[in-house]
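K.L.:
Take a look at this one; I'll ask things after.
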Amino acid sequence: MSVQPLLDCRDLRVSFPGRGWRAGRIEVLKGVSLRIRPGETVGLVGESGSGKTTVGRAILGLAPVTGGSITFEGADLTRQAARERRRGANALQAVFQDPYSSLNPAMTIADILTEPLLGRGSSRAGGRERVRELLDRVGLPADAGSRLAREFSGGQRQRIAIARALALQPKLIICDEPTSALDLTTQARVLDLLLEIQEATGCAYLFITHDLAVVRRMSHRIAVLLHGEIVEEGDARQICQEPRHPYTRTLQMAAPVADPARQRERRLARQRLARGQLAGDHQ
Amino acid sequence: MTSTTGPSVLGRLLRNPLGLISSVVLTLIVLFGLASPLSPHNPNRALLELTNAPPLTGEYLLGGDQAGRDILSRLMHATLSTMLACLVVLSVSLLLGVVTGLIAGYYGGWFDAISSTTANAVMAMPGFVLLIALYAVIGPSIMTAMAVFGVLIAPSYYRLVRGLVQTVRSELYVDAARVSGLSDFRIISRHVLRAVRAPIIIQSSFVLSAGIGIQAGLEFLGLGDPSAASWGGMLQDAFNNLYIARINVVWPATLVSVTTLCLVLLGNALRDVLQEGASQVRPLRAKAVSRLRAERERPEGERPEGERPEGEHGPEQRPEPGSGGEARPDTAGAAEPLLSVRDLVIAYPTSPSAVRDVVRGVSLDVHRGEIHGLVGESGSGKSQTAFAVLGILPREAVVLGGRLRFDGADLGSERVLRQVRGRRIGYVPQEPMSNLDPVFTIGQQLVYGLRASTSISRATARSTLLDLLARVGIKDPRRTFDSYPHQVSGGMAQRVLIAGAVAADPDLIIADEPTTALDVTVQAEVLDLIRELREERNLAMVLVTHNFGVVADICDRVSVMKEGRIVETGTTSQLFANPQDEYTIMLLNSTLDDAVERPAWAEVNPT
């Protein structure tokens, strides 16, 4: 890794106060280290409760970091004041999972897309031009700007969310399950769009998902998260073809493949592995 | 109000009959008060000869009061003072309640703790008694008393706003705004205020009516300024004089009650207008349903153009009159299917007389021991088809055609449905957690469900269910049995629901996306469980899913649905190996199973 990483998380820890009187803190991330180079896509795979979403939220400043550091473009985000952070927000953007909750239903698309430009001294006319550019970039008609967010379907909304993330020409976009609420065909198109945008702008992605197939399609490198710790990390090819950690193997074998014959093999292999593990536990 | 909601809200309010009446009356009352400088007489000018004069005597239109003053003029001035008092109550309570509510809801922390405690303490105080006690301190100034009342009622705004802000705060669009680098002030003014605006307006009409009641009450008790005309004061005067001039009570009493009534009605109308969902369509009347059914019976050509379903039946689904079921090559001659769906049409009303079809002539057969996958994208009608079999379609849905037969019986009859549902047809839902009642233990719910469909004793039900819980792979069945739903994981909850579905030993299970809400590792285990149960009990199953991997794993036959129609059906191996329909091919190509990994970053960016 001779290139300076764009994002460098070291030993990232996040904990939330427990529920109830004098409950201890619950540690969600137990020392996560992650590096993303310019233009690279790192896939972060994990199941519910693994803390994968929290990693993204911590990097975005939406979750309380209790330990470790997040260095982005050479500056430690965990030590920045809110005002400073806001100024640096240009380069770090996000696309969230739920395209329904991530766009204010009562606002027009133009309002949503120009929101990131607020307070950055951009003129109104320039804003309108930018809205047209952004809509074009994500494959939506130019007149979509005057319509309300609630008039769009899930896939279209996710395109709008991507356009909003692109408004400030970011260097890194955190994608938190951007397609898991979408239909299969829509998912494929949105993923293609993200790849195309990366090709054109050279932005890096942290791609957070539970779906190994999606992450394989999107990532140069994959990290597997389990109970707040990264259990395996490597190039996509290695993780997908020769997973080393047993959990990565379990995860891979559990994902059903759309081919009855191959799925039967995969299922039998998984059941063998599970029995082997069970036998191992009993020894 | 901003331009996006302003004109339409006012327009909708005036189209609502109660909203129209109450706003007109309130406007008239406001104009009445504003016109007080033009009142015919000085409200304090006393003409002894007109003391307790009846209406229409001399110069006094509504008569005179006990001191010989013009009642009409006094009413006008009293209305103005009530309006001023309302203004005081509103501004004090809004300023205090909304601002603290915004801060407490948005930032939380110590400010929230302190302000919530204060608000609760203020709410616990008996407001009216406090105001009477304060009379000794503040003297006969009704405006000061109303300002104090504003403070006392501020917690109602505080609690409302705080709750709303907390909800908005957790919306992803607020997170997105923060990520975009917006300051808190901008986020509050753009997103948060927008969401709290409507409820505040509604609440205000109720606060105002309460304020008017309190003000009139205080003045009636003589705690107001005796030198100024007021509704409560006039009411008191009239009461003192009740036996001499009865009619005098009517004017202030009417104004007070009509104003408060209109405010409450306006509040209700506002609530209807501002909070009505865009898609609130009432169920069709029985008459409209039978008319629509009759229309569907007619040959296609005779149907009026506007009411034709958006697409026509596909050739493979076209009903063959009199043929009694389609002859499919692989089912022809086989035993009678356990479940047979023929030409099912389900529609939802779009207006009181028109409908939109969501299922447009679906036919499928499920045999004993067979798992039939129903696969498609959102809106394809796959869940609607499954719900129709169970007879659990939403109230507004209408079945416009088709026959559902289960083991020879007609599922169209409510009596048959009640007999088989839960006993012979089980149901496994998509969201395990929302299908368990949080206030009962898992055991209580399972026993209740089982005893509702069979006639066994509580003890037998309990032991059967404990065995079943063990069977579905729950490690400590006794503990799970006694747990509340929130104490178990999602995968565990789904196992519980599967146990509940098979408890009455059904022949058919309808499973609506049974593994969609689960992690892949848990999904694999649940699918294994379903497969085992099917083998043990020779269960038939309709499995609704959008996941072709799940279909490949567990289904014997598959039907692919698109826009309410089955576009292709066949055995699983046949369909995957040799898909015929263009749409099936497109769906299969959208799966990412065969996606090639991207090369390592270093290979693409050589240094």
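Identifiers in this document derive from the order of the structure tokens: chains are assigned A, B, ..., residues are numbered from 1 separately in each chain, and ligands are numbered from 1 in order of occurrence.
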Identify all chain B residues at most 6 Å from chain A by counting only C-alpha atoms; ligands do not count. Present them as number ranges by chain.
P.N.:
B: 171-173, 180-181, 377, 519-521, 524, 548-549, 552-553, 590, 592-593, 595, 597-601
K.L.:
Could you list, as a PyMOL selection string, every residue within 12 Å of range 66-72 of chain B, counting only C-alpha atoms and ignoring same-chain residues fewer than 6 positions away?
P.N.:
chain B and resi 32-33+35-36+38-60+78-79+229-231+233-252+255
K.L.:
Which polymer residues have any atom within 7 Å of an atom of Val375 in chain B, counting only C-alpha atoms, with same-chain residues fewer than 4 positions away left out, as an MDAnalysis selection string?
P.N.:
chainID B and resid 382 544:546 559:561
K.L.:
Got a sec to tell me which of range 77-225 of chain A DSSP assigns to strand (DSSP E or B), as a list of chain:residue names?
P.N.:
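Checking each residue of range 77-225 of chain A, the strand (DSSP E or B) ones are A:Leu92, A:Gln93, A:Ala94, A:Val95, A:Thr108, A:Leu148, A:Leu172, A:Ile173, A:Ile174, A:Cys175, A:Asp176, A:Ala204, A:Tyr205, A:Leu206, A:Phe207, A:Ile208, A:Thr209, A:Arg221, A:Ile222, A:Ala223, A:Val224, A:Leu225.
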